[in-house]
file input.txt (compact mmCIF, C-alpha atoms)
# COMPACT_ATOMS: atom_id res chain seq x y z
CA LEU V 1 124.92 83.93 147.70
CA ALA V 2 123.19 85.24 144.59
CA ASP V 3 125.15 88.51 144.55
CA LEU V 4 128.38 87.72 146.44
CA TYR V 5 131.20 85.21 146.12
CA PHE V 6 133.51 84.48 149.08
CA SER V 7 136.64 82.32 148.85
CA ALA V 8 139.14 81.09 151.46
CA THR V 9 142.29 79.05 150.75
CA ILE V 10 144.98 77.25 152.76
CA ALA V 11 147.96 76.03 150.70
CA ASP V 12 151.25 74.36 151.64
CA LEU V 13 153.96 74.28 148.96
CA GLY V 14 156.59 72.76 151.25
CA TYR V 15 159.07 75.64 151.24
CA ALA V 16 156.27 78.18 151.72
CA GLY V 17 152.61 78.38 152.52
CA GLN V 18 149.84 80.79 151.67
CA VAL V 19 146.47 81.61 153.13
CA PHE V 20 144.19 84.06 151.39
CA VAL V 21 140.61 85.22 151.25
CA TYR V 22 138.68 87.35 148.80
CA ALA V 23 135.14 88.55 148.26
CA VAL V 24 133.51 89.48 144.95
CA ASP V 25 130.51 91.82 144.77
CA PHE V 26 128.60 90.78 141.65
CA ASP V 27 126.37 93.87 141.48
CA ALA V 28 129.23 96.36 141.80
CA ALA V 29 131.69 94.16 139.81
CA THR V 30 134.39 94.75 142.44
CA TYR V 31 136.48 92.54 144.73
CA HIS V 32 138.94 92.73 147.61
CA GLU V 33 141.64 90.20 148.51
CA GLU V 34 144.06 89.64 151.40
CA THR V 35 147.01 87.20 151.36
CA ILE V 36 149.55 85.97 153.91
CA THR V 37 152.69 84.12 152.77
CA ILE V 38 154.25 81.88 155.43
CA PRO V 39 157.92 80.77 155.20
CA LEU V 40 158.18 76.96 155.19
CA GLY V 41 154.42 76.77 155.72
CA ARG V 42 154.87 77.07 159.50
CA GLY V 43 151.59 76.69 161.35
CA ILE V 44 149.67 75.19 158.44
CA GLU V 45 147.99 71.84 159.13
CA LEU V 46 146.45 69.77 156.34
CA PRO V 47 144.69 66.39 156.51
CA ARG V 48 145.84 63.36 154.56
CA ASN V 49 142.53 62.82 152.78
CA SER V 50 139.83 64.97 151.21
CA ASP V 51 136.87 63.25 152.88
CA ALA V 52 137.68 63.84 156.57
CA GLY V 53 139.93 65.86 158.82
CA THR V 54 140.77 69.49 159.53
CA SER V 55 142.83 72.08 157.68
CA ARG V 56 143.90 75.04 159.79
CA PHE V 57 146.17 78.03 160.18
CA GLU V 58 146.33 80.47 163.07
CA GLY V 59 148.46 83.59 163.13
CA SER V 60 148.40 87.15 164.44
CA ARG V 61 146.58 88.46 161.37
CA ALA V 62 144.19 85.63 160.60
CA ALA V 63 142.84 82.24 161.63
CA LEU V 64 141.28 79.75 159.21
CA GLU V 65 139.83 76.31 159.92
CA PHE V 66 138.16 73.94 157.46
CA SER V 67 136.67 70.75 158.88
CA SER V 68 135.00 67.81 157.15
CA GLY V 69 133.43 64.46 157.93
CA GLY V 70 130.19 62.56 157.57
CA GLY V 71 129.16 64.31 154.37
CA ARG V 72 129.35 67.78 155.89
CA ARG V 73 131.93 70.55 155.86
CA ALA V 74 132.45 73.74 157.83
CA ILE V 75 134.57 76.87 157.42
CA HIS V 76 135.54 79.27 160.19
CA VAL V 77 137.58 82.32 159.16
CA GLU V 78 138.64 85.32 161.25
CA TRP V 79 140.63 87.99 159.40
CA ALA V 80 141.56 91.03 161.47
CA ASN V 81 141.98 93.58 158.68
CA PHE V 82 140.03 92.99 155.49
CA ALA V 83 140.03 96.32 153.64
CA GLY V 84 140.24 98.06 157.01
CA ARG V 85 137.48 96.02 158.62
CA PRO V 86 137.36 92.70 160.50
CA LEU V 87 136.00 89.74 158.55
CA SER V 88 134.33 86.71 160.09
CA ALA V 89 132.91 83.71 158.23
CA ARG V 90 131.09 80.81 159.85
CA LEU V 91 129.69 78.58 157.13
CA SER V 92 128.53 74.97 156.85
CA PHE V 93 127.99 72.85 153.74
CA THR V 94 126.20 69.63 152.85
CA GLU V 95 127.92 67.46 150.26
CA PRO V 96 125.95 66.13 147.28
CA PRO V 97 125.99 62.33 146.73
CA GLU V 98 128.71 62.58 144.03
CA SER V 99 131.75 64.73 143.27
CA THR V 100 134.63 64.87 140.78
CA PHE V 101 137.99 63.13 141.38
CA ILE V 102 141.05 62.97 139.15
CA VAL V 103 144.49 61.35 139.52
CA ILE V 104 146.81 61.83 136.54
CA PRO V 105 150.57 61.81 135.91
CA ILE V 106 152.75 64.87 135.53
CA GLY V 107 155.72 63.70 133.50
CA ASP V 108 157.40 60.45 134.54
CA ARG V 109 157.72 60.89 138.29
CA ARG V 110 155.05 63.34 139.40
CA PHE V 111 151.30 63.21 139.90
CA TYR V 112 148.25 65.37 140.47
CA TYR V 113 145.31 64.41 142.70
CA ASN V 114 142.30 66.68 142.86
CA ARG V 115 138.76 66.62 144.16
CA LYS V 116 136.13 69.14 143.17
CA ILE V 117 132.72 69.37 144.84
CA ASN V 118 130.10 71.66 143.32
CA CYS V 119 126.65 72.65 144.53
CA MET V 120 127.00 72.16 148.28
CA PRO V 121 124.02 73.87 149.96
CA ALA V 122 125.60 76.54 152.18
CA ALA V 123 124.36 78.01 155.47
CA GLY V 124 125.72 80.44 158.04
CA GLU V 125 126.94 84.02 158.25
CA LEU V 126 129.57 86.21 156.60
CA THR V 127 130.37 89.41 158.50
CA ILE V 128 132.54 92.22 157.11
CA GLY V 129 132.77 95.16 159.48
CA GLY V 130 129.31 95.61 160.90
CA GLU V 131 127.55 94.15 157.87
CA VAL V 132 126.17 90.65 158.42
CA ARG V 133 125.22 88.55 155.41
CA LYS V 134 123.01 85.56 156.09
CA VAL V 135 123.75 82.55 153.90
CA ASP V 136 120.61 80.59 153.00
CA PRO V 137 121.05 77.01 151.72
CA SER V 138 118.00 77.35 149.46
CA THR V 139 119.76 80.04 147.41
CA SER V 140 123.48 79.60 148.16
CA SER V 141 126.03 77.02 147.03
CA GLY V 142 129.58 76.18 148.06
CA ASN V 143 132.48 74.70 146.06
CA LEU V 144 135.50 72.71 147.19
CA ASP V 145 138.85 72.55 145.37
CA TRP V 146 141.12 70.06 147.20
CA GLY V 147 144.43 69.10 145.62
CA ARG V 148 147.74 67.50 146.45
CA GLY V 149 150.57 65.82 144.61
CA VAL V 150 154.14 66.14 143.44
CA TRP V 151 153.89 68.90 140.87
CA ALA V 152 156.27 70.34 138.32
CA TYR V 153 157.86 73.66 139.27
CA ARG V 154 156.27 75.38 136.26
CA SER V 155 152.53 74.98 135.92
CA PHE V 156 149.76 76.21 133.66
CA TRP V 157 146.04 75.55 133.71
CA VAL V 158 142.66 76.79 132.60
CA TRP V 159 139.72 76.08 134.87
CA ALA V 160 136.03 76.89 134.53
CA SER V 161 133.45 76.32 137.25
CA ALA V 162 129.95 77.29 138.31
CA SER V 163 127.32 76.25 140.85
CA GLY V 164 123.75 77.45 140.72
CA PHE V 165 120.25 76.61 139.65
CA VAL V 166 118.32 75.76 136.51
CA ASP V 167 114.75 77.07 136.45
CA GLY V 168 115.31 78.17 140.04
CA ILE V 169 114.93 74.60 141.31
CA ARG V 170 117.49 72.10 139.97
CA ARG V 171 121.03 72.52 141.25
CA ILE V 172 123.63 72.45 138.49
CA GLY V 173 127.42 72.58 138.65
CA LEU V 174 130.05 72.87 135.92
CA ASN V 175 133.69 71.80 136.17
CA MET V 176 135.91 71.95 133.08
CA GLY V 177 139.56 72.61 132.35
CA PHE V 178 142.85 71.64 130.76
CA GLY V 179 146.60 72.21 130.95
CA PHE V 180 147.56 70.71 134.33
CA GLY V 181 148.97 67.19 134.22
CA ASP V 182 148.58 64.68 131.41
CA THR V 183 144.94 65.17 130.43
CA SER V 184 145.31 62.55 127.70
CA ALA V 185 145.10 60.09 130.62
CA ALA V 186 141.88 61.63 131.99
CA THR V 187 140.06 64.92 132.35
CA GLU V 188 138.06 66.49 135.16
CA ASN V 189 135.31 67.73 132.83
CA THR V 190 131.95 67.07 134.47
CA VAL V 191 128.49 68.49 134.96
CA LEU V 192 126.65 67.91 138.23
CA VAL V 193 122.83 67.93 138.12
CA ASP V 194 120.62 67.13 141.10
CA GLY V 195 123.60 65.70 142.98
CA ARG V 196 124.74 63.32 140.21
CA ILE V 197 127.92 63.57 138.11
CA HIS V 198 127.77 63.31 134.31
CA LYS V 199 131.23 62.76 132.83
CA LEU V 200 132.17 64.86 129.82
CA GLY V 201 134.98 64.22 127.38
CA LYS V 202 137.45 66.75 126.07
CA VAL V 203 136.11 70.31 126.04
CA ASP V 204 137.59 72.93 123.71
CA PHE V 205 138.10 76.41 125.12
CA GLU V 206 138.30 79.56 123.04
CA TYR V 207 139.26 82.87 124.66
CA ASP V 208 141.49 85.86 123.97
CA PRO V 209 144.57 85.92 126.27
CA SER V 210 145.25 89.50 125.16
CA ASN V 211 141.79 90.53 126.42
CA PHE V 212 140.33 88.14 128.99
CA MET V 213 137.15 90.21 129.23
CA ARG V 214 136.02 89.17 125.79
CA PRO V 215 133.51 86.27 125.67
CA TRP V 216 134.80 82.73 126.17
CA THR V 217 133.34 79.60 124.58
CA MET V 218 133.47 75.98 125.75
CA THR V 219 132.39 73.36 123.23
CA SER V 220 132.31 69.59 122.77
CA ASN V 221 129.88 66.99 121.48
CA ARG V 222 127.87 67.55 124.69
CA VAL V 223 128.66 71.16 125.60
CA GLU V 224 127.76 74.44 123.91
CA LEU V 225 128.47 77.27 126.32
CA GLU V 226 129.29 80.95 126.17
CA PHE V 227 130.79 82.73 129.15
CA ILE V 228 130.45 86.51 129.40
CA PRO V 229 132.81 88.03 132.01
CA PHE V 230 131.95 91.08 134.11
CA LEU V 231 135.09 91.17 136.33
CA ASP V 232 138.76 90.20 135.98
CA ARG V 233 140.27 89.21 139.31
CA SER V 234 143.92 89.56 138.42
CA ALA V 235 146.32 88.42 141.13
CA ALA V 236 150.11 88.07 141.09
CA THR V 237 152.72 86.85 143.60
CA HIS V 238 156.46 87.45 143.06
CA LEU V 239 158.47 86.17 146.03
CA LEU V 240 161.82 84.49 145.34
CA LEU V 241 160.85 80.89 144.46
CA ILE V 242 157.14 81.70 144.12
CA ASP V 243 155.91 83.38 140.98
CA SER V 244 152.22 83.14 140.24
CA GLY V 245 149.81 85.02 138.01
CA VAL V 246 146.11 84.39 137.54
CA HIS V 247 143.30 86.01 135.61
CA GLN V 248 140.11 84.73 137.19
CA LEU V 249 137.12 86.01 135.26
CA PHE V 250 133.77 86.17 136.99
CA GLY V 251 130.77 86.16 134.70
CA ARG V 252 127.71 84.26 133.55
CA TYR V 253 127.24 81.10 131.50
CA ALA V 254 124.58 80.44 128.89
CA GLY V 255 124.03 77.51 126.53
CA THR V 256 123.38 73.78 126.78
CA VAL V 257 124.88 70.62 128.25
CA THR V 258 123.78 67.07 127.44
CA LEU V 259 123.58 64.57 130.29
CA ASP V 260 124.43 60.85 130.24
CA ASP V 261 120.81 59.88 129.56
CA GLY V 262 120.58 62.22 126.57
CA GLU V 263 118.65 65.00 128.32
CA THR V 264 119.70 68.46 127.16
CA VAL V 265 119.75 71.02 129.95
CA ARG V 266 119.53 74.68 128.98
CA ILE V 267 121.60 77.10 131.06
CA ASN V 268 120.90 80.80 131.27
CA ASP V 269 122.58 83.48 133.41
CA LEU V 270 124.49 80.97 135.55
CA ALA V 271 127.10 82.80 137.66
CA GLY V 272 130.59 81.30 137.78
CA TRP V 273 134.19 81.84 136.75
CA ALA V 274 136.84 80.88 134.22
CA GLU V 275 140.55 81.37 134.84
CA GLU V 276 143.99 81.11 133.29
CA HIS V 277 146.85 80.52 135.72
CA HIS V 278 150.64 80.47 135.22
CA ALA V 279 152.81 79.53 138.19
CA ARG V 280 156.34 78.72 139.32
CA TRP V 281 156.06 77.07 142.75

call {"tool": "encode", "arguments": {"input": "input.txt", "output": "structure tokens"}}
result
Amino acid sequence: LADLYFSATIADLGYAGQVFVYAVDFDAATYHEETITIPLGRGIELPRNSDAGTSRFEGSRAALEFSSGGGRRAIHVEWANFAGRPLSARLSFTEPPESTFIVIPIGDRRFYYNRKINCMPAAGELTIGGEVRKVDPSTSSGNLDWGRGVWAYRSFWVWASASGFVDGIRRIGLNMGFGFGDTSAATENTVLVDGRIHKLGKVDFEYDPSNFMRPWTMTSNRVELEFIPFLDRSAATHLLLIDSGVHQLFGRYAGTVTLDDGETVRINDLAGWAEEHHARW
């Protein structure tokens, strides 16, 4: 949606699981979030692979199901009390021809596998209370963040992402970051344009961790971007073994990226996010 961002997550850490949803209103620069933490991850089902299968959780407060296969994905979420109102999401997505994969080591005995899909045309409905929001694939895009691995207990990462349009026609997606795993082995820095991935090298981030709302910059030999935040989604979890803190900044990107064929694409007012995350899982 052009003025709303909706996110749903199912995560299994082994000794605990979490499901959470949140919605960001771009015009009002506000958000609301609901989280359920599940001891031992009871009731969470996850598929082996990122290209097919179903992820699901069903409990008394919420039910989430993500299905995939044949180049399409679907989300069904029912959350009984979302800021005092029932939330229902029934969304479908069409995958672009290409997406971003990374497999890198974490130390000597651990690894990180991740798949990111940007710019999936999205269709369906999002209902909060009695308000129904139609999701039109000509103006709406979905993102996937699918990860697994054997991770270190202490983690840190910075991640920047966006999916939208250039000149109102061409779909463009950004995926950049650092900090998680051995990124000297590989990075997940890519730009997706018209369904095709263009691999970027190392991208340098500059931001102020004492004031996340100040402008961020992302630069490399092929990237010149400025990110201006309008909202800091700050979330923290402190539960025995789990300690997590994230500043996820929603804002807009402007600048240029250079594609593999040398074309320079100018970006203006592209909605997305950039985040810094510290965790002990």

call {"tool": "closest_atom_pairs", "arguments": {"input": "input.txt", "of": "segment 140-166 of chain V", "to": "segment 192-196 of chain V", "cutoff": "10 Å", "atoms": "all atoms listed in the file", "output": "CSV"}}
result
residue,atom,partner,partner_atom,distance
V:Ala162,CA,V:Leu192,CA,9.9
V:Ser163,CA,V:Leu192,CA,8.8
V:Gly164,CA,V:Val193,CA,9.9
V:Phe165,CA,V:Val193,CA,9.2
V:Val166,CA,V:Val193,CA,9.2

call {"tool": "residues_near_point", "arguments": {"input": "input.txt", "point": "(156.6, 72.6, 139.1)", "cutoff": "9 Å", "atoms": "all atoms listed in the file", "output": "PDB file with C-alpha atoms, in the frame of the given file"}}
result
ATOM      1  CA  VAL V 150     154.140  66.140 143.440  1.00  0.00           C
ATOM      2  CA  TRP V 151     153.890  68.900 140.870  1.00  0.00           C
ATOM      3  CA  ALA V 152     156.270  70.340 138.320  1.00  0.00           C
ATOM      4  CA  TYR V 153     157.860  73.660 139.270  1.00  0.00           C
ATOM      5  CA  ARG V 154     156.270  75.380 136.260  1.00  0.00           C
ATOM      6  CA  SER V 155     152.530  74.980 135.920  1.00  0.00           C
ATOM      7  CA  ALA V 279     152.810  79.530 138.190  1.00  0.00           C
ATOM      8  CA  ARG V 280     156.340  78.720 139.320  1.00  0.00           C
ATOM      9  CA  TRP V 281     156.060  77.070 142.750  1.00  0.00           C
TER      10      TRP V 281
END

call {"tool": "closest_residue", "arguments": {"input": "input.txt", "among": "V:Ile36, V:Ile267, V:Ala185, V:Leu87", "to": "Leu225 of chain V", "atoms": "only C-alpha atoms"}}
result
V:Ile267

call {"tool": "atom_distance", "arguments": {"input": "input.txt", "atom1": "atom CA of Thr9 of chain V", "atom2": "atom CA of His76 of chain V"}}
result
11.6 Å

call {"tool": "closest_atom_pairs", "arguments": {"input": "input.txt", "of": "segment 30-128 of chain V", "to": "segment 230-233 of chain V", "cutoff": "10 Å", "atoms": "all atoms listed in the file", "output": "JSON lines"}}
result
{"residue": "V:Thr30", "atom": "CA", "partner": "V:Leu231", "partner_atom": "CA", "distance": 7.1}
{"residue": "V:Tyr31", "atom": "CA", "partner": "V:Arg233", "partner_atom": "CA", "distance": 7.4}
{"residue": "V:His32", "atom": "CA", "partner": "V:Arg233", "partner_atom": "CA", "distance": 9.1}
{"residue": "V:Glu33", "atom": "CA", "partner": "V:Arg233", "partner_atom": "CA", "distance": 9.4}

call {"tool": "closest_residue", "arguments": {"input": "input.txt", "among": "V:Arg42, V:Arg222, V:Arg56, V:His278", "to": "Gly255 of chain V", "atoms": "only C-alpha atoms"}}
result
V:Arg222

call {"tool": "residues_around", "arguments": {"input": "input.txt", "residues": "Leu144 of chain V", "least_positions_apart": "4", "cutoff": "12 Å", "atoms": "all atoms listed in the file", "output": "short mmCIF file (atom, residue, chain, number, x, y, z; two decimals) with C-alpha atoms, in the coordinates of the input"}}
result
data_model
loop_
_atom_site.label_atom_id
_atom_site.label_comp_id
_atom_site.auth_asym_id
_atom_site.auth_seq_id
_atom_site.Cartn_x
_atom_site.Cartn_y
_atom_site.Cartn_z
CA SER V 7 136.64 82.32 148.85
CA ALA V 8 139.14 81.09 151.46
CA THR V 9 142.29 79.05 150.75
CA ILE V 10 144.98 77.25 152.76
CA SER V 50 139.83 64.97 151.21
CA ASP V 51 136.87 63.25 152.88
CA PHE V 66 138.16 73.94 157.46
CA SER V 67 136.67 70.75 158.88
CA SER V 68 135.00 67.81 157.15
CA ARG V 72 129.35 67.78 155.89
CA ARG V 73 131.93 70.55 155.86
CA ALA V 74 132.45 73.74 157.83
CA ILE V 75 134.57 76.87 157.42
CA PHE V 93 127.99 72.85 153.74
CA THR V 94 126.20 69.63 152.85
CA GLU V 95 127.92 67.46 150.26
CA PRO V 96 125.95 66.13 147.28
CA SER V 99 131.75 64.73 143.27
CA THR V 100 134.63 64.87 140.78
CA PHE V 101 137.99 63.13 141.38
CA ASN V 114 142.30 66.68 142.86
CA ARG V 115 138.76 66.62 144.16
CA LYS V 116 136.13 69.14 143.17
CA ILE V 117 132.72 69.37 144.84
CA ASN V 118 130.10 71.66 143.32
CA CYS V 119 126.65 72.65 144.53
CA MET V 120 127.00 72.16 148.28
CA PRO V 121 124.02 73.87 149.96
CA ALA V 122 125.60 76.54 152.18
CA SER V 161 133.45 76.32 137.25
CA ALA V 162 129.95 77.29 138.31
CA SER V 163 127.32 76.25 140.85
CA GLY V 173 127.42 72.58 138.65
CA ASN V 175 133.69 71.80 136.17
#

call {"tool": "closest_residue", "arguments": {"input": "input.txt", "among": "V:Gly149, V:Gly14, V:Gly262, V:Gly71", "to": "Phe111 of chain V", "atoms": "all atoms listed in the file"}}
result
V:Gly149

call {"tool": "atom_distance", "arguments": {"input": "input.txt", "atom1": "atom CA of Asp182 of chain V", "atom2": "atom CA of Arg110 of chain V"}}
result
10.4 Å

call {"tool": "atom_distance", "arguments": {"input": "input.txt", "atom1": "atom CA of Gly84 of chain V", "atom2": "atom CA of Gln248 of chain V"}}
result
23.9 Å

call {"tool": "decode", "arguments": {"input": "input.txt", "residues": "segment 168-189 of chain V", "atoms": "N, CA, C and O atoms", "output": "tab-separated table (two decimals), in the first residue's frame"}}
result
chain	number	residue	atom	x	y	z
V	168	GLY	N	6.70	5.72	-11.45
V	168	GLY	CA	5.36	5.18	-11.35
V	168	GLY	C	5.12	3.92	-12.14
V	168	GLY	O	4.00	3.40	-12.15
V	169	ILE	N	6.15	3.37	-12.79
V	169	ILE	CA	5.97	2.22	-13.68
V	169	ILE	C	6.90	1.07	-13.32
V	169	ILE	O	6.47	-0.06	-13.08
V	170	ARG	N	8.21	1.34	-13.28
V	170	ARG	CA	9.19	0.27	-13.06
V	170	ARG	C	9.26	-0.08	-11.57
V	170	ARG	O	9.43	0.80	-10.72
V	171	ARG	N	9.14	-1.36	-11.27
V	171	ARG	CA	9.28	-1.80	-9.88
V	171	ARG	C	10.76	-1.85	-9.52
V	171	ARG	O	11.57	-2.39	-10.27
V	172	ILE	N	11.07	-1.31	-8.33
V	172	ILE	CA	12.44	-1.31	-7.86
V	172	ILE	C	12.48	-1.73	-6.40
V	172	ILE	O	11.61	-1.36	-5.60
V	173	GLY	N	13.47	-2.57	-6.06
V	173	GLY	CA	13.65	-3.00	-4.68
V	173	GLY	C	15.09	-2.85	-4.25
V	173	GLY	O	16.01	-3.10	-5.03
V	174	LEU	N	15.29	-2.44	-3.01
V	174	LEU	CA	16.62	-2.31	-2.43
V	174	LEU	C	16.78	-3.31	-1.30
V	174	LEU	O	15.84	-3.53	-0.51
V	175	ASN	N	17.95	-3.91	-1.19
V	175	ASN	CA	18.28	-4.77	-0.06
V	175	ASN	C	19.76	-4.61	0.24
V	175	ASN	O	20.61	-4.97	-0.58
V	176	MET	N	20.08	-4.04	1.42
V	176	MET	CA	21.46	-3.77	1.78
V	176	MET	C	21.63	-3.97	3.28
V	176	MET	O	20.69	-3.76	4.05
V	177	GLY	N	22.84	-4.35	3.69
V	177	GLY	CA	23.06	-4.50	5.12
V	177	GLY	C	24.45	-4.97	5.44
V	177	GLY	O	25.29	-5.20	4.56
V	178	PHE	N	24.71	-5.12	6.75
V	178	PHE	CA	26.00	-5.62	7.22
V	178	PHE	C	25.84	-6.05	8.68
V	178	PHE	O	24.83	-5.78	9.31
V	179	GLY	N	26.86	-6.75	9.18
V	179	GLY	CA	26.94	-7.03	10.61
V	179	GLY	C	26.61	-8.45	11.01
V	179	GLY	O	27.08	-8.92	12.04
V	180	PHE	N	25.79	-9.17	10.24
V	180	PHE	CA	25.36	-10.51	10.62
V	180	PHE	C	26.12	-11.53	9.80
V	180	PHE	O	26.04	-11.55	8.57
V	181	GLY	N	26.87	-12.39	10.46
V	181	GLY	CA	27.69	-13.37	9.75
V	181	GLY	C	28.95	-12.75	9.19
V	181	GLY	O	29.25	-11.56	9.38
V	182	ASP	N	29.72	-13.56	8.50
V	182	ASP	CA	31.00	-13.12	7.92
V	182	ASP	C	30.75	-12.53	6.54
V	182	ASP	O	30.77	-13.23	5.53
V	183	THR	N	30.50	-11.22	6.48
V	183	THR	CA	30.20	-10.58	5.20
V	183	THR	C	31.44	-10.36	4.35
V	183	THR	O	31.33	-9.84	3.24
V	184	SER	N	32.62	-10.77	4.85
V	184	SER	CA	33.78	-10.80	3.94
V	184	SER	C	33.65	-11.95	2.96
V	184	SER	O	34.26	-11.95	1.88
V	185	ALA	N	32.84	-12.96	3.31
V	185	ALA	CA	32.60	-14.10	2.42
V	185	ALA	C	31.61	-13.74	1.33
V	185	ALA	O	31.73	-14.19	0.19
V	186	ALA	N	30.59	-12.94	1.67
V	186	ALA	CA	29.58	-12.50	0.71
V	186	ALA	C	28.70	-11.48	1.38
V	186	ALA	O	28.64	-11.39	2.61
V	187	THR	N	28.00	-10.69	0.58
V	187	THR	CA	27.01	-9.76	1.12
V	187	THR	C	25.67	-10.02	0.45
V	187	THR	O	25.59	-10.69	-0.59
V	188	GLU	N	24.63	-9.47	1.03
V	188	GLU	CA	23.29	-9.57	0.45
V	188	GLU	C	22.88	-8.26	-0.20
V	188	GLU	O	21.68	-8.00	-0.38
V	189	ASN	N	23.82	-7.42	-0.58
V	189	ASN	CA	23.51	-6.12	-1.15
V	189	ASN	C	23.10	-6.26	-2.61
V	189	ASN	O	23.90	-6.67	-3.46
